[in-house]
>>> print(open('query_14.txt').read())   # compact mmCIF, C-alpha atoms and all ligand atoms
# COMPACT_ATOMS: atom_id res chain seq x y z
CA MET A 1415 -17.47 -7.79 -3.49
CA ALA A 1416 -17.57 -6.63 0.07
CA ILE A 1417 -16.24 -3.81 2.16
CA ARG A 1418 -13.86 -5.14 4.83
CA ALA A 1419 -13.08 -3.54 8.17
CA ILE A 1420 -9.89 -1.46 8.12
CA ARG A 1421 -7.49 -2.26 10.97
CA LYS A 1422 -6.41 0.85 12.80
CA ASP A 1423 -3.78 2.43 15.01
CA SER A 1424 -2.27 -0.02 17.47
CA ASP A 1425 -3.71 -3.20 15.90
CA GLU A 1426 -0.76 -5.60 16.06
CA ILE A 1427 -1.43 -7.06 12.63
CA LEU A 1428 -0.23 -3.78 11.09
CA ARG A 1429 3.24 -4.53 12.53
CA LYS A 1430 3.61 -8.00 11.08
CA THR A 1431 5.37 -9.08 7.88
CA SER A 1432 3.08 -10.35 5.16
CA ARG A 1433 3.73 -13.63 3.34
CA LYS A 1434 4.23 -13.95 -0.40
CA VAL A 1435 1.32 -15.21 -2.47
CA GLU A 1436 2.25 -18.60 -3.91
CA ILE A 1437 -0.99 -19.42 -5.73
CA ILE A 1438 -3.41 -16.84 -7.08
CA ASP A 1439 -6.67 -18.58 -6.22
CA GLU A 1440 -10.28 -17.45 -5.76
CA ARG A 1441 -9.49 -16.19 -2.26
CA ILE A 1442 -6.77 -13.86 -3.55
CA LEU A 1443 -9.00 -12.57 -6.37
CA THR A 1444 -11.81 -11.92 -3.89
CA LEU A 1445 -9.31 -10.21 -1.59
CA LEU A 1446 -8.23 -7.91 -4.44
CA ASP A 1447 -11.85 -7.04 -5.28
CA ASP A 1448 -12.76 -6.43 -1.65
CA MET A 1449 -9.66 -4.30 -1.09
CA THR A 1450 -10.55 -2.09 -4.06
CA GLU A 1451 -14.10 -1.68 -2.82
CA THR A 1452 -12.86 -0.92 0.70
CA MET A 1453 -10.29 1.62 -0.57
CA ARG A 1454 -12.87 3.40 -2.71
CA ALA A 1455 -15.47 3.49 0.07
CA ALA A 1456 -12.85 5.05 2.37
CA GLU A 1457 -11.70 7.46 -0.38
CA GLY A 1458 -8.11 6.29 -0.06
CA VAL A 1459 -5.46 6.14 -2.78
CA GLY A 1460 -4.01 2.83 -1.67
CA LEU A 1461 -4.60 -0.17 0.57
CA ALA A 1462 -2.44 -3.12 1.60
CA ALA A 1463 -3.81 -6.51 2.65
CA PRO A 1464 -2.68 -6.32 6.31
CA GLN A 1465 -4.90 -3.25 6.65
CA VAL A 1466 -7.87 -5.56 6.21
CA GLY A 1467 -6.35 -8.19 8.47
CA VAL A 1468 -4.78 -10.45 5.82
CA LEU A 1469 -1.02 -11.02 6.01
CA ARG A 1470 -0.41 -11.55 2.31
CA ARG A 1471 1.69 -9.42 -0.08
CA VAL A 1472 -1.23 -7.83 -1.94
CA VAL A 1473 -1.75 -4.11 -2.65
CA VAL A 1474 -4.25 -1.95 -4.52
CA ILE A 1475 -3.56 1.66 -5.55
CA ASP A 1476 -5.50 4.31 -7.39
CA VAL A 1477 -4.01 7.79 -7.39
CA GLY A 1478 -6.56 8.95 -9.96
CA GLU A 1479 -4.95 7.26 -12.96
CA GLY A 1480 -6.83 3.97 -12.75
CA LEU A 1481 -6.67 0.91 -10.55
CA ILE A 1482 -3.34 -0.85 -10.02
CA GLU A 1483 -3.37 -4.35 -8.49
CA LEU A 1484 -0.05 -5.68 -7.20
CA ILE A 1485 0.74 -9.17 -5.96
CA ASN A 1486 4.17 -9.73 -4.36
CA PRO A 1487 5.40 -6.23 -5.31
CA VAL A 1488 9.13 -5.50 -5.10
CA ILE A 1489 10.92 -2.19 -5.65
CA VAL A 1490 13.60 -2.94 -8.25
CA TYR A 1491 14.81 0.62 -8.89
CA GLU A 1492 14.62 3.94 -7.13
CA LYS A 1493 15.94 7.39 -7.89
CA GLY A 1494 15.96 10.85 -6.36
CA GLU A 1495 13.96 12.05 -3.39
CA GLN A 1496 10.82 13.98 -2.60
CA LEU A 1497 9.10 15.26 0.49
CA ARG A 1498 5.34 14.88 0.55
CA GLU A 1499 2.58 14.84 3.12
CA GLU A 1500 1.07 11.39 3.65
CA GLY A 1501 -1.87 9.96 5.48
CA CYS A 1502 -3.05 6.41 6.01
CA LEU A 1503 -6.50 4.83 6.30
CA SER A 1504 -5.17 2.88 9.30
CA ILE A 1505 -4.06 6.05 11.11
CA PRO A 1506 -7.05 8.37 10.94
CA GLY A 1507 -6.57 12.00 11.92
CA LYS A 1508 -2.82 12.08 11.37
CA SER A 1509 -0.64 13.19 8.51
CA GLY A 1510 3.07 13.65 8.14
CA VAL A 1511 5.83 14.61 5.74
CA VAL A 1512 7.92 11.64 4.62
CA LYS A 1513 11.06 11.50 2.47
CA ARG A 1514 10.57 9.05 -0.40
CA PRO A 1515 12.23 8.35 -3.76
CA GLU A 1516 11.09 10.64 -6.56
CA LYS A 1517 10.82 7.69 -8.93
CA VAL A 1518 10.54 3.94 -8.43
CA ILE A 1519 10.08 0.89 -10.60
CA VAL A 1520 8.09 -1.89 -8.99
CA ARG A 1521 7.89 -5.47 -10.25
CA ALA A 1522 4.83 -7.51 -9.32
CA LEU A 1523 2.36 -10.11 -10.50
CA ASN A 1524 -1.04 -9.18 -11.88
CA ARG A 1525 -4.18 -11.19 -11.10
CA LYS A 1526 -3.40 -13.56 -13.96
CA GLY A 1527 -0.03 -14.38 -12.42
CA GLU A 1528 1.91 -12.47 -15.08
CA THR A 1529 4.97 -10.46 -14.08
CA PHE A 1530 4.84 -6.76 -14.93
CA GLU A 1531 6.69 -3.60 -14.03
CA ILE A 1532 5.22 -0.24 -13.19
CA ILE A 1533 7.04 3.08 -13.17
CA GLY A 1534 5.88 5.41 -10.41
CA GLU A 1535 6.79 9.08 -10.15
CA ASP A 1536 5.61 11.79 -7.77
CA LEU A 1537 2.43 10.72 -5.91
CA LEU A 1538 2.43 7.23 -7.46
CA ALA A 1539 6.02 6.64 -6.26
CA VAL A 1540 4.92 7.62 -2.75
CA ALA A 1541 1.86 5.36 -2.86
CA LEU A 1542 3.93 2.39 -4.05
CA CYS A 1543 6.51 2.86 -1.28
CA HIS A 1544 3.87 3.50 1.40
CA GLU A 1545 1.87 0.36 0.52
CA ILE A 1546 4.92 -1.89 0.19
CA ASP A 1547 6.04 -0.65 3.62
CA HIS A 1548 2.72 -1.95 5.01
CA LEU A 1549 3.68 -5.45 3.80
CA ASN A 1550 6.74 -5.21 6.03
CA GLY A 1551 4.90 -3.87 9.07
CA ILE A 1552 6.14 -0.30 8.55
CA LEU A 1553 3.84 2.71 8.93
CA PHE A 1554 4.42 6.23 7.59
CA THR A 1555 4.55 7.53 11.14
CA ASP A 1556 7.80 5.53 11.60
CA LYS A 1557 9.45 7.57 8.86
CA ALA A 1558 7.71 10.94 9.06
CA ILE A 1559 9.86 14.01 9.60
CA THR A 1560 6.88 15.86 11.09
CA ILE A 1561 3.49 14.58 12.22
CA LYS A 1562 0.32 16.65 12.35
CA GLU A 1563 -2.82 15.73 14.22
CA GLN A 1564 -6.08 16.91 12.78
CA GLY A 1565 -7.48 19.91 14.56
CA ARG A 1566 -4.10 20.78 16.10
CA ASP A 1567 -1.24 22.72 14.60
NI NI A 1601 -1.29 3.29 4.79
>>> encode(input="query_14.txt", output="structure tokens")
Amino acid sequence: MAIRAIRKDSDEILRKTSRKVEIIDERILTLLDDMTETMRAAEGVGLAAPQVGVLRRVVVIDVGEGLIELINPVIVYEKGEQLREEGCLSIPGKSGVVKRPEKVIVRALNRKGETFEIIGEDLLAVALCHEIDHLNGILFTDKAITIKEQGRD
């Protein structure tokens, strides 16, 4: 496992659309492992592959309930709304309140290539939506109702 450099701010790769994973090979498994290590080292709750410079539909999340690995994640159901403050490892020093669904169901592949569904509510719903947005080149600052810069109010 290795910590990879996190792409930041105006890096163009963050604005690109990631490609689906067709074959889960050694490279994808290593990517998953490296993304988890990188997320933990940065004390984040989620990381999407484009944030480490790889345009593939791969996400890792840990909101404190254990590691979730998602390959080709798709939101198949959403309900309600919530307003919550978000940050992003690619946008250091900024946070903002974003309107998100209160509950989502996401379908994805696990590292064995098996389809599974995960139900996310509250913070997990936000993390799922935020990371899937990254796969489509969308950042939370595009959607934020208010944006705060650290050290300024
Ligand atoms: Ni992010």
>>> residues_near_point(input="query_14.txt", point="(5.9, -4.7, 6.6)", cutoff="7 Å", atoms="all atoms listed in the file", output="ChimeraX atom specification")
/A:1429-1432,1547-1552
>>> atom_distance(input="query_14.txt", atom1="atom CA of Leu1445 of chain A", atom2="atom CA of Gly1501 of chain A")
22.6 Å
>>> closest_residue(input="query_14.txt", among="A:Val1459, A:Ile1482, A:Val1511, A:Ile1437", to="ligand NI 1601 (chain A)", atoms="all atoms listed in the file")
A:Val1459
>>> residues_near_ligand(input="query_14.txt", ligand="ligand NI 1601 (chain A)", cutoff="12 Å", atoms="all atoms listed in the file", output="ChimeraX atom specification")
/A:1420-1423,1428-1429,1453,1456,1458-1466,1473-1475,1500-1506,1508-1510,1540-1556
>>> atom_distance(input="query_14.txt", atom1="atom CA of Ile1559 of chain A", atom2="atom CA of Pro1515 of chain A")
14.7 Å
>>> residues_near_point(input="query_14.txt", point="(5.8, 16.0, 2.7)", cutoff="6 Å", atoms="only C-alpha atoms", output="mmCIF file with C-alpha atoms, keeping the file's coordinate frame")
data_model
loop_
_atom_site.group_PDB
_atom_site.id
_atom_site.type_symbol
_atom_site.label_atom_id
_atom_site.label_comp_id
_atom_site.auth_asym_id
_atom_site.auth_seq_id
_atom_site.Cartn_x
_atom_site.Cartn_y
_atom_site.Cartn_z
ATOM 1 C CA LEU A 1497 9.100 15.260 0.490
ATOM 2 C CA ARG A 1498 5.340 14.880 0.550
ATOM 3 C CA GLU A 1499 2.580 14.840 3.120
ATOM 4 C CA VAL A 1511 5.830 14.610 5.740
ATOM 5 C CA VAL A 1512 7.920 11.640 4.620
#
>>> closest_residue(input="query_14.txt", among="A:Asp1476, A:Glu1495, A:Glu1483, A:Asp1425", to="Ile1442 of chain A", atoms="all atoms listed in the file")
A:Glu1483
>>> closest_residue(input="query_14.txt", among="A:Val1468, A:Met1449, A:Ile1438, A:Ala1455", to="Glu1528 of chain A", atoms="only C-alpha atoms")
A:Ile1438
>>> atom_distance(input="query_14.txt", atom1="atom CA of Ile1485 of chain A", atom2="atom CA of Leu1443 of chain A")
10.3 Å
>>> closest_residue(input="query_14.txt", among="A:Leu1484, A:Ile1427, A:Val1477, A:Ala1558", to="Leu1446 of chain A", atoms="only C-alpha atoms")
A:Leu1484
>>> closest_residue(input="query_14.txt", among="A:Leu1523, A:Leu1537, A:Tyr1491, A:Asp1448", to="Gly1478 of chain A", atoms="all atoms listed in the file")
A:Leu1537
>>> closest_residue(input="query_14.txt", among="A:Glu1563, A:Glu1436, A:Glu1492, A:Asp1536", to="Val1520 of chain A", atoms="all atoms listed in the file")
A:Glu1492
>>> decode(input="query_14.txt", residues="segment 1490-1520 of chain A", atoms="N, CA, C and O atoms", output="short mmCIF file (atom, residue, chain, number, x, y, z; two decimals), in the first residue's frame")
data_model
loop_
_atom_site.label_atom_id
_atom_site.label_comp_id
_atom_site.auth_asym_id
_atom_site.auth_seq_id
_atom_site.Cartn_x
_atom_site.Cartn_y
_atom_site.Cartn_z
N VAL A 1490 -29.48 4.60 -6.76
CA VAL A 1490 -30.69 4.00 -7.34
C VAL A 1490 -31.95 4.47 -6.63
O VAL A 1490 -33.07 4.18 -7.10
N TYR A 1491 -31.79 5.15 -5.52
CA TYR A 1491 -32.97 5.65 -4.77
C TYR A 1491 -32.52 6.81 -3.92
O TYR A 1491 -31.42 6.79 -3.36
N GLU A 1492 -33.35 7.83 -3.84
CA GLU A 1492 -33.06 8.90 -2.88
C GLU A 1492 -34.35 9.47 -2.32
O GLU A 1492 -35.39 9.45 -2.99
N LYS A 1493 -34.26 9.94 -1.08
CA LYS A 1493 -35.46 10.41 -0.39
C LYS A 1493 -35.10 11.54 0.56
O LYS A 1493 -34.04 11.51 1.21
N GLY A 1494 -35.98 12.52 0.65
CA GLY A 1494 -35.86 13.58 1.63
C GLY A 1494 -34.73 14.55 1.31
O GLY A 1494 -34.13 14.50 0.24
N GLU A 1495 -34.47 15.45 2.24
CA GLU A 1495 -33.32 16.34 2.10
C GLU A 1495 -32.73 16.68 3.44
O GLU A 1495 -33.36 16.56 4.48
N GLN A 1496 -31.48 17.09 3.39
CA GLN A 1496 -30.77 17.52 4.60
C GLN A 1496 -29.78 18.60 4.19
O GLN A 1496 -29.33 18.65 3.05
N LEU A 1497 -29.47 19.45 5.16
CA LEU A 1497 -28.45 20.47 4.96
C LEU A 1497 -27.32 20.16 5.92
O LEU A 1497 -27.54 19.99 7.12
N ARG A 1498 -26.11 20.05 5.39
CA ARG A 1498 -24.98 19.68 6.24
C ARG A 1498 -23.73 20.35 5.70
O ARG A 1498 -23.58 20.56 4.51
N GLU A 1499 -22.83 20.67 6.64
CA GLU A 1499 -21.57 21.29 6.24
C GLU A 1499 -20.61 20.22 5.71
O GLU A 1499 -20.44 19.18 6.33
N GLU A 1500 -20.02 20.49 4.57
CA GLU A 1500 -19.09 19.56 3.94
C GLU A 1500 -17.73 20.20 3.72
O GLU A 1500 -17.63 21.40 3.57
N GLY A 1501 -16.73 19.34 3.69
CA GLY A 1501 -15.41 19.77 3.25
C GLY A 1501 -14.92 18.74 2.24
O GLY A 1501 -15.63 17.79 1.94
N CYS A 1502 -13.73 18.95 1.73
CA CYS A 1502 -13.19 18.03 0.73
C CYS A 1502 -11.68 18.05 0.82
O CYS A 1502 -11.07 19.12 0.91
N LEU A 1503 -11.06 16.88 0.75
CA LEU A 1503 -9.60 16.81 0.83
C LEU A 1503 -8.94 17.53 -0.35
O LEU A 1503 -7.79 17.93 -0.26
N SER A 1504 -9.69 17.70 -1.44
CA SER A 1504 -9.14 18.39 -2.60
C SER A 1504 -9.32 19.91 -2.53
O SER A 1504 -8.82 20.62 -3.40
N ILE A 1505 -10.08 20.37 -1.53
CA ILE A 1505 -10.32 21.81 -1.40
C ILE A 1505 -10.01 22.23 0.04
O ILE A 1505 -10.90 22.55 0.82
N PRO A 1506 -8.73 22.20 0.38
CA PRO A 1506 -8.36 22.47 1.78
C PRO A 1506 -8.73 23.89 2.17
O PRO A 1506 -8.67 24.81 1.37
N GLY A 1507 -9.14 24.03 3.44
CA GLY A 1507 -9.42 25.36 3.98
C GLY A 1507 -10.80 25.90 3.68
O GLY A 1507 -11.12 27.01 4.07
N LYS A 1508 -11.62 25.11 2.98
CA LYS A 1508 -12.98 25.58 2.69
C LYS A 1508 -14.00 24.57 3.19
O LYS A 1508 -13.76 23.37 3.18
N SER A 1509 -15.15 25.09 3.59
CA SER A 1509 -16.28 24.23 3.91
C SER A 1509 -17.53 24.94 3.44
O SER A 1509 -17.51 26.15 3.18
N GLY A 1510 -18.60 24.18 3.32
CA GLY A 1510 -19.83 24.80 2.85
C GLY A 1510 -21.03 23.93 3.14
O GLY A 1510 -20.91 22.71 3.27
N VAL A 1511 -22.19 24.57 3.26
CA VAL A 1511 -23.43 23.84 3.50
C VAL A 1511 -24.05 23.46 2.15
O VAL A 1511 -24.20 24.30 1.27
N VAL A 1512 -24.34 22.16 2.03
CA VAL A 1512 -24.89 21.62 0.78
C VAL A 1512 -26.20 20.91 1.07
O VAL A 1512 -26.33 20.24 2.10
N LYS A 1513 -27.17 21.06 0.17
CA LYS A 1513 -28.43 20.32 0.28
C LYS A 1513 -28.26 18.97 -0.40
O LYS A 1513 -27.89 18.89 -1.57
N ARG A 1514 -28.53 17.92 0.35
CA ARG A 1514 -28.38 16.54 -0.15
C ARG A 1514 -29.61 15.74 0.25
O ARG A 1514 -30.33 16.11 1.17
N PRO A 1515 -29.83 14.58 -0.38
CA PRO A 1515 -30.90 13.69 0.10
C PRO A 1515 -30.63 13.23 1.53
O PRO A 1515 -29.47 13.09 1.93
N GLU A 1516 -31.69 12.96 2.26
CA GLU A 1516 -31.55 12.49 3.64
C GLU A 1516 -31.18 11.00 3.64
O GLU A 1516 -30.49 10.52 4.53
N LYS A 1517 -31.64 10.31 2.59
CA LYS A 1517 -31.38 8.87 2.50
C LYS A 1517 -31.13 8.50 1.04
O LYS A 1517 -31.84 9.01 0.16
N VAL A 1518 -30.15 7.66 0.81
CA VAL A 1518 -29.92 7.15 -0.54
C VAL A 1518 -29.67 5.64 -0.49
O VAL A 1518 -29.24 5.11 0.55
N ILE A 1519 -29.94 4.99 -1.59
CA ILE A 1519 -29.47 3.62 -1.77
C ILE A 1519 -28.54 3.63 -2.98
O ILE A 1519 -28.88 4.20 -4.03
N VAL A 1520 -27.37 3.09 -2.78
CA VAL A 1520 -26.35 3.05 -3.84
C VAL A 1520 -26.06 1.60 -4.19
O VAL A 1520 -25.90 0.75 -3.31
#
